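Visitor: The structure follows.
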Amino acid sequence: MAVEVRKDHFEQLKHLLEVKDEEGIKKLLSPLHASDIAKIFKELRTEDVVRIFKLLPPEVASEVILEVDEQLRKELIASISPARLVEVVDEMATDDATDVISELSFEDAKQVLEGIGREDAIEVQKLLRYPEDTAGGKMQTELVSVIEDATVEETIEELRKKSEEIENISSVFVVDSQGRLTGVVPLDRLILAKPYMRIKDIAEKDPIKVSTDVDQEEVARIFQKYDLLSLPVVDENNRLVGRITVDDVVDVIEEEIFEDFYRMASLNIGEHVLDPPMRSFRMRYPWLLLNLLTASIAAGVVKAFEGTIENMVVLAALMPIVAGLGGNAATQTITVVVRGLALGEIELRNAGKVLFKEAVVGLANGLLVGAVAALVSYIIGANMVIGLLLFLAMTANLLIAGLSGALIPLVLKWFNADPALSSSIFVTACTDVGGFFTFLGLAALFMRLGIL
């Protein structure tokens, strides 16, 4: 039984590493869960992690290597012999083995596939054909399935046989003679059924399922919507080819959350906090250059109205307020819309409703915030015309923020791009340009009319 990792584990382990007590290291780590061992690895030098990893039994090493980050996983794989790598991969479920093998060089992958056994190698090679972010790429081929004419007693016996090599069994899948999925039987229903009953008579007909090409985000939504523990995966002919378990979906949800988080911050999803400086530099500078381009457009708008600013310097102090509040309002809209897209709440049929709603919200916020900004500007000494100017510009820009914050993610989704890419660069460019143009443009108009 695994125990919780404690602070003294780190100190004990460091001491054991110093005195090179390998047996002590094994004894200290043996009761710990794989995720806790991976947590300890984060606190150690890479060379010490490599030493410890080589001491772990293959079944433990196979779990630990899936818990560490991508960079450390590559270093651990590179540090062990091909024979040891085969032992580690051979302990994994097919979906996990596929993830590891897909990261190897061609020669290393070939050697591992030759070493893990013919049946497992065939299953892994099948999974390698599917894109990583699809149901086919996330599924495992280990499952329990029975022909629909089997009895409950025969099904339970089959379940006992498979339980030695398959983890997290929550359902038995029912297929016809051609291997086509016809039903699913949850374990509790199977256990309570009479032994002589046919499995097809207690199965849930027309079960929830996905095809191999369904995107992983859609798979996660299905799990969330129906509170599933496992989900069958079928091919184009409805033949059962695998299953996805809830633990895989938790990883997908975490991956998608952080992917959107990174994209909205204009970061490459492959970057990690402990990456070498040059790697982070290469991943960040393209977005910063793009941001520079969009900021230059906004600067060009300001440049076009430099005469207006020279005639009334107070405009220079107030115009960042218009652009800044527009950017904040747009970020609020983006966050709500991207979340709605991620959860499947927004579809083409209600996209117009979303646009209208965000436009109304933007307009209402603009009227309120603009009125308050006008009042504040008057209190600090600006004249009433400047207050009116600020009110109109703020109202217009928050309307722009609402429209662009909703429209750009929807357009990106329409073109099958990640909606989170609409974040701080594209929409902020709209609010900067819109804010400066409306504020300075109205100021120039007011001057021409003699109002200001």
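Letters A, B, ... go to the chains of the structure tokens in the order shown; residues in each chain start at 1; ligands are counted from 1 in the same order.
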Mind the document's chain letters and residue numbers, and return as a list in words the residues of region 215-367 of chain A that DSSP labels strand (DSSP E).
Guide: Ser230, Leu231, Pro232, Val233, Val234, Leu240, Val241, Gly242, Arg243, Ile244 and Thr245 of chain A
Visitor: Write the selection just made, keeping N, CA and C atoms, as a PDB file, in the first residue's frame?
Guide:
ATOM      1  N   SER A 230     -15.567   4.812 -18.439  1.00  0.00           N
ATOM      2  CA  SER A 230     -14.860   4.351 -19.641  1.00  0.00           C
ATOM      3  C   SER A 230     -15.764   4.546 -20.843  1.00  0.00           C
ATOM      4  N   LEU A 231     -15.144   4.609 -22.005  1.00  0.00           N
ATOM      5  CA  LEU A 231     -15.884   4.902 -23.235  1.00  0.00           C
ATOM      6  C   LEU A 231     -15.345   4.027 -24.364  1.00  0.00           C
ATOM      7  N   PRO A 232     -16.216   3.239 -25.028  1.00  0.00           N
ATOM      8  CA  PRO A 232     -15.732   2.403 -26.129  1.00  0.00           C
ATOM      9  C   PRO A 232     -15.391   3.229 -27.360  1.00  0.00           C
ATOM     10  N   VAL A 233     -14.384   2.777 -28.088  1.00  0.00           N
ATOM     11  CA  VAL A 233     -13.958   3.430 -29.323  1.00  0.00           C
ATOM     12  C   VAL A 233     -14.160   2.443 -30.461  1.00  0.00           C
ATOM     13  N   VAL A 234     -14.790   2.891 -31.537  1.00  0.00           N
ATOM     14  CA  VAL A 234     -15.091   2.013 -32.672  1.00  0.00           C
ATOM     15  C   VAL A 234     -14.477   2.572 -33.947  1.00  0.00           C
ATOM     16  N   LEU A 240     -15.465  -2.696 -32.430  1.00  0.00           N
ATOM     17  CA  LEU A 240     -14.809  -2.258 -31.200  1.00  0.00           C
ATOM     18  C   LEU A 240     -13.300  -2.389 -31.349  1.00  0.00           C
ATOM     19  N   VAL A 241     -12.585  -1.280 -31.164  1.00  0.00           N
ATOM     20  CA  VAL A 241     -11.128  -1.303 -31.326  1.00  0.00           C
ATOM     21  C   VAL A 241     -10.385  -0.889 -30.061  1.00  0.00           C
ATOM     22  N   GLY A 242     -11.088  -0.320 -29.078  1.00  0.00           N
ATOM     23  CA  GLY A 242     -10.399   0.096 -27.864  1.00  0.00           C
ATOM     24  C   GLY A 242     -11.346   0.769 -26.900  1.00  0.00           C
ATOM     25  N   ARG A 243     -10.761   1.283 -25.826  1.00  0.00           N
ATOM     26  CA  ARG A 243     -11.547   2.015 -24.827  1.00  0.00           C
ATOM     27  C   ARG A 243     -10.698   3.157 -24.270  1.00  0.00           C
ATOM     28  N   ILE A 244     -11.383   4.194 -23.811  1.00  0.00           N
ATOM     29  CA  ILE A 244     -10.722   5.308 -23.140  1.00  0.00           C
ATOM     30  C   ILE A 244     -11.229   5.327 -21.711  1.00  0.00           C
ATOM     31  N   THR A 245     -10.321   5.425 -20.744  1.00  0.00           N
ATOM     32  CA  THR A 245     -10.709   5.426 -19.341  1.00  0.00           C
ATOM     33  C   THR A 245     -10.659   6.844 -18.782  1.00  0.00           C
TER      34      THR A 245
END
Visitor: With a distance cut-off of 9 Å and only C-alpha atoms, select the neighbouring residues of Gly405 (chain A), excluding the residue or stretch itself and same-chain residues fewer than 3 positions from it, and output the selection as a PyMOL selection string.
Guide: chain A and resi 329-335+337+358+400-402+408-409+422-423+427-428
Visitor: How would the residues just chosen look if you wrote them out with N, CA and C atoms as an mmCIF file, in the first residue's frame?
Guide:
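What ended up in result_14.cif:
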data_model
loop_
_atom_site.group_PDB
_atom_site.id
_atom_site.type_symbol
_atom_site.label_atom_id
_atom_site.label_comp_id
_atom_site.auth_asym_id
_atom_site.auth_seq_id
_atom_site.Cartn_x
_atom_site.Cartn_y
_atom_site.Cartn_z
ATOM 1 N N ALA A 329 -11.775 44.660 -21.023
ATOM 2 C CA ALA A 329 -13.129 44.197 -21.363
ATOM 3 C C ALA A 329 -13.068 43.090 -22.407
ATOM 4 N N ALA A 330 -12.158 43.231 -23.365
ATOM 5 C CA ALA A 330 -12.006 42.208 -24.404
ATOM 6 C C ALA A 330 -11.525 40.894 -23.805
ATOM 7 N N THR A 331 -10.605 40.969 -22.823
ATOM 8 C CA THR A 331 -10.111 39.759 -22.166
ATOM 9 C C THR A 331 -11.240 39.033 -21.448
ATOM 10 N N GLN A 332 -12.141 39.798 -20.806
ATOM 11 C CA GLN A 332 -13.297 39.182 -20.156
ATOM 12 C C GLN A 332 -14.152 38.429 -21.179
ATOM 13 N N THR A 333 -14.404 39.077 -22.316
ATOM 14 C CA THR A 333 -15.235 38.458 -23.354
ATOM 15 C C THR A 333 -14.574 37.214 -23.923
ATOM 16 N N ILE A 334 -13.272 37.315 -24.217
ATOM 17 C CA ILE A 334 -12.531 36.166 -24.762
ATOM 18 C C ILE A 334 -12.626 34.975 -23.821
ATOM 19 N N THR A 335 -12.396 35.230 -22.533
ATOM 20 C CA THR A 335 -12.390 34.140 -21.559
ATOM 21 C C THR A 335 -13.720 33.409 -21.542
ATOM 22 N N VAL A 337 -16.067 33.382 -23.962
ATOM 23 C CA VAL A 337 -16.354 32.753 -25.258
ATOM 24 C C VAL A 337 -15.493 31.512 -25.481
ATOM 25 N N GLU A 358 -22.808 39.803 -26.355
ATOM 26 C CA GLU A 358 -21.551 40.452 -25.978
ATOM 27 C C GLU A 358 -21.506 41.911 -26.439
ATOM 28 N N ILE A 400 -16.556 47.784 -29.197
ATOM 29 C CA ILE A 400 -15.576 47.097 -30.060
ATOM 30 C C ILE A 400 -14.989 45.892 -29.336
ATOM 31 N N ALA A 401 -14.683 46.076 -28.035
ATOM 32 C CA ALA A 401 -14.106 44.988 -27.240
ATOM 33 C C ALA A 401 -15.054 43.789 -27.179
ATOM 34 N N GLY A 402 -16.335 44.055 -26.946
ATOM 35 C CA GLY A 402 -17.306 42.977 -26.885
ATOM 36 C C GLY A 402 -17.444 42.240 -28.196
ATOM 37 N N ILE A 408 -13.656 37.160 -32.989
ATOM 38 C CA ILE A 408 -12.373 36.567 -33.390
ATOM 39 C C ILE A 408 -12.251 35.106 -32.957
ATOM 40 N N PRO A 409 -12.590 34.736 -31.705
ATOM 41 C CA PRO A 409 -12.565 33.304 -31.372
ATOM 42 C C PRO A 409 -13.506 32.469 -32.241
ATOM 43 N N SER A 422 -6.765 33.911 -30.096
ATOM 44 C CA SER A 422 -7.306 35.262 -30.279
ATOM 45 C C SER A 422 -6.987 36.182 -29.113
ATOM 46 N N SER A 423 -6.211 35.712 -28.179
ATOM 47 C CA SER A 423 -6.025 36.382 -26.902
ATOM 48 C C SER A 423 -5.420 37.762 -26.974
ATOM 49 N N VAL A 427 -7.030 40.588 -30.367
ATOM 50 C CA VAL A 427 -8.124 41.386 -29.833
ATOM 51 C C VAL A 427 -7.609 42.678 -29.214
ATOM 52 N N THR A 428 -6.463 42.611 -28.538
ATOM 53 C CA THR A 428 -5.881 43.830 -27.979
ATOM 54 C C THR A 428 -5.543 44.828 -29.084
#
Visitor: Would you work out the distance separating CA of Pro58 (chain A) from CA of Gln12 (chain A), expressed in Å to one decimal?
Guide: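 Interatomic distance here is 23.0 Å.
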Visitor: At what distance in Å, to one decimal, does CA of Phe10 (chain A) lie from CA of Gly24 (chain A)?
Guide: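 Separating CA of Gly24 (chain A) from CA of Phe10 (chain A) is a distance of 13.1 Å.
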Visitor: Restricting the calculation to only C-alpha atoms: of A:Ile191, A:Ile451, A:Leu341, A:Asp432, which residue gets closest to Asn291 (chain A)?
Guide: A:Asp432
